[in-house]
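**Student:** Take a look at the following structure, please.
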Amino acid sequence: MTGTVGADRSADLAAARELMDGASKLVLTTHVQPDGDGIGSEVALAYHLRAIGKDVVILNPHPTPPRFRFLEPSPPIVPFDPAVAERALSTADALVVLDISVPNRLGKLESYVMEYRPKTLIIDHHADQGQIDGLDLRNVAAAATGELVYELLESWSVQWTPEIATALYAAIAYDTGGFRFANTRQVTHRIAADLITRGADTLLANENLFESYSVPRIKLLARVLDSFELSANGRVATAVVSVGLMTELGAVNEDVEGIVEVLRSIDGVVVATLIKEVGPSATKVSFRSSGPYNVNAFASRFGGGGHVNAAGAFLREPLDTVVERVIPAVRDEFDPTVGAAGRA
Ligand SMILES: [Mn+2]
């Protein structure tokens, strides 16, 4: 099979199918601030599980952002609500956690998962070693969790539909930035081609994912492009987004998405950093890098992680403190004139 690198995964795939086959009620979930990969992956799996007669609740810690609503199945994804979470997790025979491995990325769902501990399957491509207990179908070589759900569904002789194909195509397109990022492999294109054969609506997916931006998002981009700073001889770009700016522009969380990639695309920049104030003592930092520059290792210094070229960290500190700590650190790490920095 296609998504596999190295080890034979057929035993793990069989165990995963068995886990889901043996359940009649399943809860599917993904990480806080769900993205195209998390949503596309869980929706695709839900279509299949429902088609084979399973009772499936897709329950996410946050509502579906507008740009991913084209993926909503029927019945739709359920945003977090304490009573719904209680009922769903206390009665679930199995839980499938997608695009995530660490419990705190479950957000408000974490405490329910820990309390009821349903049989759990983890389908993920992040490097963080999972502390969520369960059967782990991780493959860090995969560009997207969507590739792993494709692998699973292929092994299951799924009845492909255009809806499943579109959801997985969107998942993979999203996490590869439209098949442009370094994580895009030959097999990524092969899977995408197969999904198109299965009826994936690529136009629908690409328009929604990449060509549908809100006015506040564009205005936020303009402000960031007007205020970012270059350091380390133009190799590092940094920008800061405050709650005040977000409020002024009427921007919401998902409007910030992708802006750090624009900074990374500046000629000569190898690492871009976007620091976003979330609350009085809560700040999110996003890193993007090119080639061998490893922001996953760098983000781990701040308790974060992700992938080699795309990582982030969430710090329980005020914006100013994070700015003072992170900006010099990233500059020194990736400035070739400072020590032995800049290596992968
Ligand atoms: Mn992903």
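The chains in the structure tokens are called A, B, ... from first to last as shown; in each chain the residues are counted from 1, and the ligands are counted from 1 in the order shown.
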Which residues in region 16-170 of chain A does DSSP call helix (DSSP H, G or I)? List them as a PyMOL selection string.

**Tutor:** chain A and resi 16-21+36-51+66-71+82-91+103-116+145-155+162-170

**Student:** Name the residues, by chain letter and number, that sit within 7 Å of ligand 1 using only C-alpha atoms and all ligand atoms, and give them as number ranges by chain.

**Tutor:** A: 37-38, 99, 125, 144-145, 175

**Student:** Here is a test: counting only C-alpha atoms, which residue of A:Val271, A:Asp124, A:Thr238, A:His48 is nearest to Pro162 (chain A)?

**Tutor:**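 Answer, going by the shortest atom-to-atom distance: A:His48.
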
**Student:** Can you pull out every residue within 8 Å of region 289-296 of chain A, counting only C-alpha atoms, but drop anything in the same chain fewer than 4 positions away, and send it as a list of chain:residue names?

**Tutor:** A:Ala182, A:Arg264, A:Val270, A:Val271, A:Ala272, A:Ser300, A:Gly304, A:Gly305, A:Gly306, A:His307, A:Val308, A:Asn309, A:Ala310, A:Ala311, A:Gly312, A:Gly342, A:Arg343, A:Ala344

**Student:** For each of A:Leu26, A:Val323, A:Leu221, A:Ile122, take the minimum atom-to-atom distance to Leu263 (chain A), counting only C-alpha atoms, then give the residue where this is smallest.

**Tutor:**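 Under the stated criterion, the closest residue is A:Leu221.
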
**Student:** I want to know what sits within 6 Å of region 274-281 of chain A, based on only C-alpha atoms, with residues of the same chain fewer than 2 positions away left out; could you give that as a PyMOL selection string?

**Tutor:** chain A and resi 238-243+260+283-286+316-319

**Student:** Have a look at CA of Asp128 (chain A) and CA of Val326 (chain A) and let me know their distance in Å, one decimal.

**Tutor:** 20.9 Å

**Student:** I want to know what sits within 12 Å of Val84 (chain A), based on only C-alpha atoms, with residues of the same chain fewer than 5 positions away left out; could you give that as a short mmCIF file (atom, residue, chain, number, x, y, z; two decimals) with N, CA and C atoms, in the first residue's frame?

**Tutor:**
data_model
loop_
_atom_site.label_atom_id
_atom_site.label_comp_id
_atom_site.auth_asym_id
_atom_site.auth_seq_id
_atom_site.Cartn_x
_atom_site.Cartn_y
_atom_site.Cartn_z
N VAL A 27 -17.03 7.61 18.38
CA VAL A 27 -16.81 9.07 18.38
C VAL A 27 -15.52 9.34 17.62
N VAL A 57 -20.57 9.76 15.86
CA VAL A 57 -20.64 11.18 16.23
C VAL A 57 -19.27 11.79 15.97
N ILE A 58 -19.23 12.84 15.15
CA ILE A 58 -17.97 13.59 15.01
C ILE A 58 -18.07 14.77 15.97
N LEU A 59 -17.24 14.75 16.97
CA LEU A 59 -17.33 15.74 18.05
C LEU A 59 -15.97 16.43 18.17
N ASN A 60 -15.93 17.71 17.81
CA ASN A 60 -14.66 18.43 17.83
C ASN A 60 -14.62 19.45 18.96
N PRO A 61 -13.41 19.77 19.45
CA PRO A 61 -13.30 20.75 20.54
C PRO A 61 -13.74 22.16 20.14
N ILE A 77 -20.84 17.77 11.88
CA ILE A 77 -19.88 17.74 12.97
C ILE A 77 -20.49 18.48 14.16
N VAL A 78 -20.30 17.92 15.35
CA VAL A 78 -20.86 18.52 16.56
C VAL A 78 -19.77 19.32 17.26
N PRO A 79 -19.99 20.63 17.45
CA PRO A 79 -19.00 21.39 18.22
C PRO A 79 -19.13 21.06 19.71
N LEU A 89 -19.05 10.44 24.98
CA LEU A 89 -17.89 9.67 25.45
C LEU A 89 -18.28 8.57 26.44
N SER A 90 -19.36 8.81 27.20
CA SER A 90 -19.73 7.79 28.19
C SER A 90 -20.39 6.59 27.52
N THR A 91 -20.92 6.77 26.31
CA THR A 91 -21.61 5.66 25.65
C THR A 91 -20.84 5.10 24.45
N ALA A 92 -19.70 5.70 24.12
CA ALA A 92 -18.96 5.27 22.92
C ALA A 92 -18.29 3.92 23.15
N LYS A 108 -11.12 20.87 25.30
CA LYS A 108 -12.14 20.58 26.32
C LYS A 108 -12.58 19.12 26.33
N LEU A 109 -12.25 18.39 25.27
CA LEU A 109 -12.64 16.97 25.24
C LEU A 109 -11.72 16.10 26.09
N TYR A 112 -12.98 14.38 29.28
CA TYR A 112 -13.99 13.33 29.05
C TYR A 112 -13.32 12.06 28.53
#

**Student:** Using only C-alpha atoms, find the one residue out of A:Leu209, A:Ala299, A:Val330, A:Ala44 that sits nearest to Ile164 (chain A).

**Tutor:** A:Ala44

**Student:** One decimal, Å: what's the distance from CA of Ile123 (chain A) over to CA of Ala15 (chain A), could you say?

**Tutor:** 12.5 Å

**Student:** Tell me which protein, DNA and RNA residues are within 12 Å of Ser111 (chain A), counting only C-alpha atoms, leaving out same-chain ones fewer than 5 positions away, and put them as a list in words.

**Tutor:**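 What passes the distance filter is Pro61, Pro82, Ala85, Glu86, Leu89, Ser90, Pro103, Asn104, Arg105, Leu106, Tyr116, Arg117 and Ile132 of chain A.
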
**Student:** What parts of region 55-295 of chain A does DSSP call strand (DSSP E or B)? I'd like the answer as a ChimeraX atom specification.

**Tutor:** /A:55-60,78-79,94-98,119-123,135-136,229-231,236-241,271-279,282-289

**Student:** So that I have them on file, write out the residues from the current selection with C-alpha atoms, as a compact mmCIF listing (two decimals), in the first residue's frame.

**Tutor:**
# COMPACT_ATOMS: atom_id res chain seq x y z
CA ASP A 55 -23.50 5.07 14.80
CA VAL A 56 -20.93 7.87 14.43
CA VAL A 57 -20.64 11.18 16.23
CA ILE A 58 -17.97 13.59 15.01
CA LEU A 59 -17.33 15.74 18.05
CA ASN A 60 -14.66 18.43 17.83
CA VAL A 78 -20.86 18.52 16.56
CA PRO A 79 -19.00 21.39 18.22
CA ALA A 94 -14.61 3.36 20.41
CA LEU A 95 -12.91 6.69 19.89
CA VAL A 96 -10.89 7.63 16.82
CA VAL A 97 -8.53 10.54 17.29
CA LEU A 98 -7.27 12.06 14.04
CA LYS A 119 -11.06 1.97 23.18
CA THR A 120 -9.00 4.39 21.15
CA LEU A 121 -7.45 4.46 17.71
CA ILE A 122 -4.95 7.22 16.88
CA ILE A 123 -4.42 8.13 13.22
CA LEU A 135 -3.79 1.66 19.01
CA ASP A 136 -1.46 3.95 17.13
CA GLU A 229 10.59 42.37 10.78
CA LEU A 230 13.57 40.72 9.18
CA SER A 231 16.61 39.62 11.15
CA VAL A 236 14.31 35.21 9.74
CA ALA A 237 10.95 37.00 9.44
CA THR A 238 8.86 37.68 12.53
CA ALA A 239 5.47 39.24 13.06
CA VAL A 240 3.24 39.82 16.05
CA VAL A 241 -0.56 39.80 16.12
CA VAL A 271 12.32 30.68 9.04
CA ALA A 272 9.15 32.67 9.62
CA THR A 273 7.65 33.18 13.05
CA LEU A 274 4.21 34.51 13.87
CA ILE A 275 3.44 35.30 17.49
CA LYS A 276 -0.23 35.60 18.28
CA GLU A 277 -1.73 36.80 21.50
CA VAL A 278 -4.57 34.53 22.57
CA GLY A 279 -5.34 36.01 25.99
CA ALA A 282 -1.80 32.80 26.54
CA THR A 283 0.26 33.16 23.39
CA LYS A 284 0.57 31.01 20.31
CA VAL A 285 3.73 30.87 18.24
CA SER A 286 3.83 29.42 14.72
CA PHE A 287 7.01 28.56 12.87
CA ARG A 288 7.50 27.76 9.20
CA SER A 289 10.81 26.91 7.61

**Student:** Which neighbours of Leu220 (chain A) fall inside 10 Å, counting only C-alpha atoms, when residues of the same chain fewer than 5 positions from it are skipped, and could you give them as a VMD selection string?

**Tutor:** chain A and resid 214 to 215 225 to 226 241 245 to 246 248 to 251 255 to 256 259

**Student:** Could you dump the residues just selected with C-alpha atoms as a short mmCIF file (atom, residue, chain, number, x, y, z; two decimals), in the first residue's frame?

**Tutor:**
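For reference, out-v2.cif as written:
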data_model
loop_
_atom_site.label_atom_id
_atom_site.label_comp_id
_atom_site.auth_asym_id
_atom_site.auth_seq_id
_atom_site.Cartn_x
_atom_site.Cartn_y
_atom_site.Cartn_z
CA SER A 214 -12.61 36.89 4.53
CA VAL A 215 -12.17 40.67 4.38
CA LEU A 225 2.96 42.68 5.74
CA ASP A 226 3.31 46.28 6.86
CA VAL A 241 -0.56 39.80 16.12
CA LEU A 245 -5.47 44.11 16.29
CA MET A 246 -7.74 41.09 15.85
CA GLU A 248 -10.01 46.11 15.53
CA LEU A 249 -10.23 44.19 12.25
CA GLY A 250 -12.99 41.83 13.35
CA ALA A 251 -10.65 38.91 12.64
CA ASP A 255 -8.05 34.46 9.65
CA VAL A 256 -4.48 34.18 10.95
CA ILE A 259 -0.15 34.32 7.06
#

**Student:** Interatomic distance between CA of Tyr47 (chain A) and CA of Ile172 (chain A)?

**Tutor:**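 Answer for the CA of Tyr47 (chain A) to CA of Ile172 (chain A) separation: 17.1 Å.
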
**Student:** Nearest to Pro73 (chain A) among A:Glu18, A:Glu154, A:Asp335, A:Glu163, with distances taken over only C-alpha atoms: which residue is it?

**Tutor:**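 The closest residue to Pro73 (chain A) is A:Glu163.
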